[in-house]
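Single-structure report; data block below.
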Amino acid sequence: MLGFAAVAAFATMASQPQQTWPERIILYTEDIGSLSRKYDESLSPTGVDRMERFYRTVEKEAQAAPAETRDDKVDKALLTLDAAKRAKRLAIEAGQNEATPHLPFRATIVAFDDARRDIEPVRPKEAAKALAQIPEMVADARRGALNSPPSRAVALRASRMTAQLGRALERWFKFYDGYDPQFSWWCRAPYAEAKEAVDGYEKFLREEVGGVRLGDQTTIVGDPIGRDALLAELQLELIPYTPEELVEIAWREYEWCLKEMKRASSEMGYGDDWHRALEAVKGMHEEPGGQPQFIKGLADEAATYVRDHGLVTVPELAAETWRMEMMSAERQLASPFFLGGEAIIVSFPTESMPEGAKQMSMRGNNRHFARAVAHHELIPGHHLQQFMTQRYRPYRQVFSTPFWIEGWALYWEFVLYDMGFARSPEDRIGMLFWRMHRCVRVEFSLGFHLGKLTPDQCVEMLVDRVGHEPANAEAEVRRSFGGDYPPLYQAAYLLGGLQMKALAAEALAKGMTLRQFHDEVLRQGPIPIPILRMALGLGDSPAGWKFAQAQL
């Protein structure tokens, strides 16, 4: 017979219903948050190990769990892929950190921080001895960096990590100081020396080795990840092409755009000299103060167009609740064009800008460029995306990918161009400018991470091949490589758009209307597009989908 404890445990298990897949994913999302707040995987090997174990456990459990309906199979594929992806990225990042040898004091500070996190008893006398060794380690590291300087990218990565370590050291010290009299007596003086040494080393790496002064918002610095890591990223994003094949795809798309650009240029009276036609379009901008009303008109026009043509469902509340903000001069150093979502953030000159910067901002945000951007940022682009994903399958937001986010918005540029949304050759040039920009983004971002292009060469490419204003090209490259975006983000615009275009063709061939396709894409959530293909019943597996065969 079962004992009382065994009976109680059996009854508890029997009374618990089996988790649904949405419940599993909600728990996964919340567990990531809880663990991330506890462990710092960017700093501590212990944190990396803990997070990796968590992801591997989730992956294994998801693989073993049953999935009956199509929705369940999609959720299972999403959860399994995401857990595997996060674990793999942790392993890659831990294995390729060239900055670590330049941080000999890292283990000491991380051990302090780990012990504080786990609330282990502190031994003040031993801690003081360890603190006293940090300035010596920093001095050795300085000499090593002077004798054998790391690359600029590695130096700046080491500088960022040193800043993190300095904050961790301060966090550790403040946890005990004043609360433990013995700790304060032993550690206050050696801590001050250690903190000063670490802070000075951070500045040394950043300024003397990396060449970037504090507060510098103009220097373009990148950190190329290399071909192996790029291939790994493509595999994790279910992109079955090499970087070289993707550059070829982008180049062929660019050639199509160039032919269209020359045709529009000829209609404007400039023949094949599309750069002259582009210069003329850049001069067609609003006067200072007029941009907000102009953008409002463009936003309303695009929303009306997609509704009148029955292309996608636009809820009245979505059309009502978008907002507008103006972008500061400082932010335009990295984002010279519009940003969007529920609020469209409009770039245009501010009074404080130098005259040359004002002219470039107006030229880069002219009427025809802006007409091609408003629908990308609002409706049917990012605002409609966000509105719908917050209301349909919101639990899938943890799987968000730029190939879906940016790919959807760019896909609409394809659709609207093909439908004749552009009313004039000037409008077509505005749309083609952005499309060429996305093509070159693939080439310059992958080329940079492959180590084939410098940031300056990327700037030149945007000026020569797309027609960017020089300051705007610099801002675009600065934004791309500043560390706020993953390495495939800039390529994801065009590649995601091509994925979405190929998916639409398959859906229409299966009998769906464009409106049905677009509505269903939004209701499935921001998920990898090969898995979206499964969700729409267009494929059984996300692996190996050659979405760009027509471009090769």
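Going through the structure tokens in order, the chains are called A, B, and so on, while each chain numbers its residues from 1 and the ligands are numbered from 1 in the order shown.
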Subject >> Shell around Lys88 of chain A at 12 Å using only C-alpha atoms, local window under 3 positions removed, as a ChimeraX atom specification >> reply: /A:48-49,51-53,55-56,59,81-85,91-95,229,232-233,235-237
Can you write out the residues you just picked, keeping N, CA and C atoms, as a JSON list (two decimals), in the first residue's frame?
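Written output follows (again.json):
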```
[["chain", "number", "residue", "atom", "x", "y", "z"],
["A", 48, "VAL", "N", 26.77, 32.24, -16.99],
["A", 48, "VAL", "CA", 26.71, 31.60, -18.30],
["A", 48, "VAL", "C", 26.33, 30.13, -18.15],
["A", 49, "ASP", "N", 26.99, 29.43, -17.22],
["A", 49, "ASP", "CA", 26.71, 28.01, -17.01],
["A", 49, "ASP", "C", 25.26, 27.78, -16.58],
["A", 51, "MET", "N", 22.58, 29.74, -17.08],
["A", 51, "MET", "CA", 21.63, 30.01, -18.15],
["A", 51, "MET", "C", 21.69, 28.94, -19.23],
["A", 52, "GLU", "N", 22.89, 28.49, -19.55],
["A", 52, "GLU", "CA", 23.02, 27.45, -20.57],
["A", 52, "GLU", "C", 22.35, 26.15, -20.12],
["A", 53, "ARG", "N", 22.51, 25.79, -18.86],
["A", 53, "ARG", "CA", 21.84, 24.59, -18.35],
["A", 53, "ARG", "C", 20.32, 24.73, -18.43],
["A", 55, "TYR", "N", 18.60, 26.59, -20.58],
["A", 55, "TYR", "CA", 18.15, 26.49, -21.98],
["A", 55, "TYR", "C", 18.22, 25.06, -22.48],
["A", 56, "ARG", "N", 19.26, 24.34, -22.12],
["A", 56, "ARG", "CA", 19.38, 22.96, -22.58],
["A", 56, "ARG", "C", 18.28, 22.08, -21.98],
["A", 59, "GLU", "N", 15.08, 22.90, -23.85],
["A", 59, "GLU", "CA", 15.13, 22.30, -25.19],
["A", 59, "GLU", "C", 14.80, 20.82, -25.14],
["A", 81, "LEU", "N", 13.58, 25.63, -30.80],
["A", 81, "LEU", "CA", 14.58, 26.42, -31.53],
["A", 81, "LEU", "C", 15.13, 27.55, -30.66],
["A", 82, "ASP", "N", 14.25, 28.25, -29.96],
["A", 82, "ASP", "CA", 14.70, 29.41, -29.21],
["A", 82, "ASP", "C", 15.64, 29.01, -28.08],
["A", 83, "ALA", "N", 15.30, 27.94, -27.36],
["A", 83, "ALA", "CA", 16.17, 27.49, -26.27],
["A", 83, "ALA", "C", 17.53, 27.05, -26.81],
["A", 84, "ALA", "N", 17.52, 26.32, -27.93],
["A", 84, "ALA", "CA", 18.78, 25.89, -28.54],
["A", 84, "ALA", "C", 19.60, 27.09, -29.01],
["A", 85, "LYS", "N", 18.91, 28.06, -29.58],
["A", 85, "LYS", "CA", 19.57, 29.26, -30.10],
["A", 85, "LYS", "C", 20.25, 30.04, -28.98],
["A", 91, "ALA", "N", 27.39, 29.89, -25.66],
["A", 91, "ALA", "CA", 28.62, 29.11, -25.85],
["A", 91, "ALA", "C", 29.56, 29.81, -26.82],
["A", 92, "ILE", "N", 29.00, 30.37, -27.90],
["A", 92, "ILE", "CA", 29.83, 31.06, -28.89],
["A", 92, "ILE", "C", 30.50, 32.28, -28.27],
["A", 93, "GLU", "N", 29.71, 33.08, -27.56],
["A", 93, "GLU", "CA", 30.24, 34.31, -26.97],
["A", 93, "GLU", "C", 31.31, 34.00, -25.92],
["A", 94, "ALA", "N", 31.09, 32.95, -25.15],
["A", 94, "ALA", "CA", 32.07, 32.59, -24.12],
["A", 94, "ALA", "C", 33.36, 32.08, -24.75],
["A", 95, "GLY", "N", 33.27, 31.46, -25.91],
["A", 95, "GLY", "CA", 34.44, 30.85, -26.52],
["A", 95, "GLY", "C", 35.27, 31.75, -27.40],
["A", 229, "ALA", "N", 31.50, 32.82, -36.79],
["A", 229, "ALA", "CA", 30.37, 33.28, -35.97],
["A", 229, "ALA", "C", 29.21, 33.74, -36.84],
["A", 232, "ALA", "N", 27.40, 30.70, -37.97],
["A", 232, "ALA", "CA", 26.61, 30.18, -36.85],
["A", 232, "ALA", "C", 25.33, 30.98, -36.67],
["A", 233, "GLU", "N", 25.43, 32.30, -36.78],
["A", 233, "GLU", "CA", 24.24, 33.16, -36.64],
["A", 233, "GLU", "C", 23.23, 32.85, -37.74],
["A", 235, "GLN", "N", 22.83, 30.06, -39.32],
["A", 235, "GLN", "CA", 22.22, 28.75, -39.03],
["A", 235, "GLN", "C", 21.17, 28.88, -37.94],
["A", 236, "LEU", "N", 21.45, 29.67, -36.90],
["A", 236, "LEU", "CA", 20.50, 29.85, -35.81],
["A", 236, "LEU", "C", 19.24, 30.56, -36.28],
["A", 237, "GLU", "N", 19.37, 31.40, -37.30],
["A", 237, "GLU", "CA", 18.21, 32.13, -37.83],
["A", 237, "GLU", "C", 17.54, 31.39, -38.98]]
```
Subject >> helix (DSSP H, G or I) per DSSP on the backbone: members of segment 186-321 of chain A, as a PyMOL selection string >> reply: chain A and resi 186-209+227-236+243-267+274-282+291-308+316-321
Subject >> Filtered DSSP result for segment 136-380 of chain A, state strand (DSSP E or B), as JSON, numbers by chain >> reply: {"A": [323, 324, 325, 326, 339, 343, 344, 345, 346]}
Saved selection, atoms kept: N, CA, C and O atoms, as an mmCIF file, in the first residue's frame:
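Once everything was written out, this is again-v7.cif:
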```cif
data_model
loop_
_atom_site.group_PDB
_atom_site.id
_atom_site.type_symbol
_atom_site.label_atom_id
_atom_site.label_comp_id
_atom_site.auth_asym_id
_atom_site.auth_seq_id
_atom_site.Cartn_x
_atom_site.Cartn_y
_atom_site.Cartn_z
ATOM 1 N N ARG A 323 1.122 57.892 -32.547
ATOM 2 C CA ARG A 323 1.526 59.223 -32.079
ATOM 3 C C ARG A 323 2.775 59.667 -32.837
ATOM 4 O O ARG A 323 3.396 58.878 -33.543
ATOM 5 N N MET A 324 3.139 60.917 -32.645
ATOM 6 C CA MET A 324 4.323 61.461 -33.304
ATOM 7 C C MET A 324 5.218 62.143 -32.277
ATOM 8 O O MET A 324 4.737 62.829 -31.376
ATOM 9 N N GLU A 325 6.534 61.932 -32.430
ATOM 10 C CA GLU A 325 7.532 62.643 -31.647
ATOM 11 C C GLU A 325 8.588 63.180 -32.608
ATOM 12 O O GLU A 325 8.759 62.662 -33.715
ATOM 13 N N MET A 326 9.315 64.205 -32.162
ATOM 14 C CA MET A 326 10.393 64.748 -32.973
ATOM 15 C C MET A 326 11.731 64.272 -32.396
ATOM 16 O O MET A 326 11.902 64.204 -31.180
ATOM 17 N N LEU A 339 12.110 56.743 -37.117
ATOM 18 C CA LEU A 339 11.929 55.483 -36.409
ATOM 19 C C LEU A 339 10.440 55.350 -36.133
ATOM 20 O O LEU A 339 9.704 56.339 -36.130
ATOM 21 N N ALA A 343 4.634 55.171 -31.892
ATOM 22 C CA ALA A 343 5.000 56.564 -32.130
ATOM 23 C C ALA A 343 5.988 56.619 -33.280
ATOM 24 O O ALA A 343 6.983 55.887 -33.274
ATOM 25 N N ILE A 344 5.735 57.463 -34.257
ATOM 26 C CA ILE A 344 6.709 57.709 -35.304
ATOM 27 C C ILE A 344 7.591 58.853 -34.835
ATOM 28 O O ILE A 344 7.106 59.891 -34.386
ATOM 29 N N ILE A 345 8.903 58.627 -34.871
ATOM 30 C CA ILE A 345 9.866 59.609 -34.380
ATOM 31 C C ILE A 345 10.501 60.251 -35.606
ATOM 32 O O ILE A 345 11.209 59.592 -36.372
ATOM 33 N N VAL A 346 10.228 61.513 -35.797
ATOM 34 C CA VAL A 346 10.520 62.205 -37.055
ATOM 35 C C VAL A 346 11.853 62.939 -36.973
ATOM 36 O O VAL A 346 12.066 63.760 -36.083
#
```
**OP:** Might you pull out every residue within 9 Å of Gly497 of chain A, with only C-alpha atoms counted and same-chain residues fewer than 3 positions away left off, and present them as a PyMOL selection string?
**Re:** chain A and resi 403-404+406-414+492-494+500-502
**OP:** Would you please work out which residue, of A:Leu317, A:Leu169, A:Met431, A:Met419, is nearest to Asn366 of chain A when using only C-alpha atoms?
**Re:** A:Met431
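Checking A:Leu378, A:Trp274, A:Gly340, A:Glu207 one by one against Glu320 of chain A, counting only C-alpha atoms, you find the shortest gap at A:Leu378.
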10 Å contact set for Gly211 of chain A, only C-alpha atoms, chain neighbours under 5 positions out, as a compact mmCIF listing (two decimals) with N, CA, C and O atoms, in the first residue's frame:
```
# COMPACT_ATOMS: atom_id res chain seq x y z
N ARG A 152 41.87 47.63 -32.24
CA ARG A 152 40.98 48.67 -31.69
C ARG A 152 39.67 48.06 -31.19
O ARG A 152 39.18 48.40 -30.13
N ALA A 155 40.30 46.22 -27.97
CA ALA A 155 40.56 47.18 -26.89
C ALA A 155 39.27 47.79 -26.38
O ALA A 155 39.06 47.93 -25.17
N LEU A 156 38.38 48.14 -27.29
CA LEU A 156 37.13 48.77 -26.87
C LEU A 156 36.20 47.76 -26.22
O LEU A 156 35.45 48.10 -25.30
N PHE A 204 42.13 54.14 -20.08
CA PHE A 204 43.33 53.86 -20.86
C PHE A 204 43.00 53.02 -22.11
O PHE A 204 43.43 53.33 -23.22
N LEU A 205 42.23 51.94 -21.92
CA LEU A 205 41.86 51.09 -23.05
C LEU A 205 41.01 51.83 -24.07
O LEU A 205 41.21 51.70 -25.28
N ARG A 206 40.06 52.60 -23.56
CA ARG A 206 39.13 53.30 -24.46
C ARG A 206 39.82 54.43 -25.21
O ARG A 206 39.65 54.56 -26.43
N ASP A 216 32.32 60.81 -26.79
CA ASP A 216 32.47 60.85 -28.25
C ASP A 216 31.26 60.18 -28.90
O ASP A 216 31.05 58.98 -28.74
N THR A 219 32.74 59.17 -33.51
CA THR A 219 33.66 58.13 -34.00
C THR A 219 32.90 56.83 -34.27
O THR A 219 32.10 56.39 -33.46
N VAL A 221 32.93 53.00 -34.54
CA VAL A 221 33.70 51.85 -34.07
C VAL A 221 32.85 50.60 -34.22
O VAL A 221 31.67 50.60 -33.89
```
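Residues in contact range of Gln332 of chain A, defined as at most 9 Å between only C-alpha atoms, with sequence neighbours fewer than 5 positions away removed, read Met327, Phe337, Ser347, Phe348, Ser361, Asn472 and Ala475 of chain A.
Pairwise distance (atom CA of Pro402 of chain A, atom CA of Arg89 of chain A) equals 16.4 Å.
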Original post:
Which residues, written as a PyMOL selection string, have at least one atom at most 12 Å from Leu146 of chain A, with only C-alpha atoms counted and residues fewer than 3 positions away on the same chain left out?
Top reply: chain A and resi 102+139-143+149-151+155+204-205+208-210
Can you write out the residues you just picked, keeping N, CA and C atoms, as a compact mmCIF listing (two decimals), in the first residue's frame?
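Output file selection12.txt is given in full below:
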```txt
# COMPACT_ATOMS: atom_id res chain seq x y z
N HIS A 102 43.18 40.40 -21.56
CA HIS A 102 43.55 41.75 -21.15
C HIS A 102 42.89 42.15 -19.83
N ALA A 139 48.38 47.15 -13.55
CA ALA A 139 49.66 47.66 -14.05
C ALA A 139 50.27 46.68 -15.05
N ASP A 140 50.21 45.38 -14.75
CA ASP A 140 50.72 44.37 -15.68
C ASP A 140 49.93 44.40 -16.99
N ALA A 141 48.62 44.53 -16.88
CA ALA A 141 47.78 44.56 -18.09
C ALA A 141 48.08 45.79 -18.94
N ARG A 142 48.32 46.93 -18.32
CA ARG A 142 48.68 48.14 -19.05
C ARG A 142 49.98 47.92 -19.83
N ARG A 143 50.99 47.37 -19.15
CA ARG A 143 52.27 47.13 -19.82
C ARG A 143 52.10 46.17 -21.00
N PRO A 149 49.85 45.84 -28.44
CA PRO A 149 48.51 46.42 -28.42
C PRO A 149 47.48 45.52 -29.10
N PRO A 150 46.33 45.35 -28.47
CA PRO A 150 45.24 44.62 -29.13
C PRO A 150 44.66 45.47 -30.25
N SER A 151 43.86 44.87 -31.10
CA SER A 151 43.18 45.64 -32.14
C SER A 151 42.25 46.65 -31.48
N ALA A 155 40.30 46.22 -27.97
CA ALA A 155 40.56 47.18 -26.89
C ALA A 155 39.27 47.79 -26.38
N PHE A 204 42.13 54.14 -20.08
CA PHE A 204 43.33 53.86 -20.86
C PHE A 204 43.00 53.02 -22.11
N LEU A 205 42.23 51.94 -21.92
CA LEU A 205 41.86 51.09 -23.05
C LEU A 205 41.01 51.83 -24.07
N GLU A 208 43.45 55.62 -25.04
CA GLU A 208 44.81 55.51 -25.56
C GLU A 208 44.99 54.36 -26.54
N VAL A 209 44.27 53.26 -26.31
CA VAL A 209 44.39 52.12 -27.23
C VAL A 209 43.26 52.15 -28.27
N GLY A 210 42.02 52.42 -27.81
CA GLY A 210 40.88 52.43 -28.72
C GLY A 210 40.65 53.73 -29.45
```
Original post:
What's the 12 Å shell around Ser541 of chain A, counting only C-alpha atoms, without same-chain residues fewer than 2 positions away, as a count of residues only?
Top reply: 22
Original post:
Which residue out of A:Glu255, A:Gly166, A:Val314, A:Ala505 has the minimum interatomic distance to Met436 of chain A when only C-alpha atoms are used?
Top reply: A:Glu255
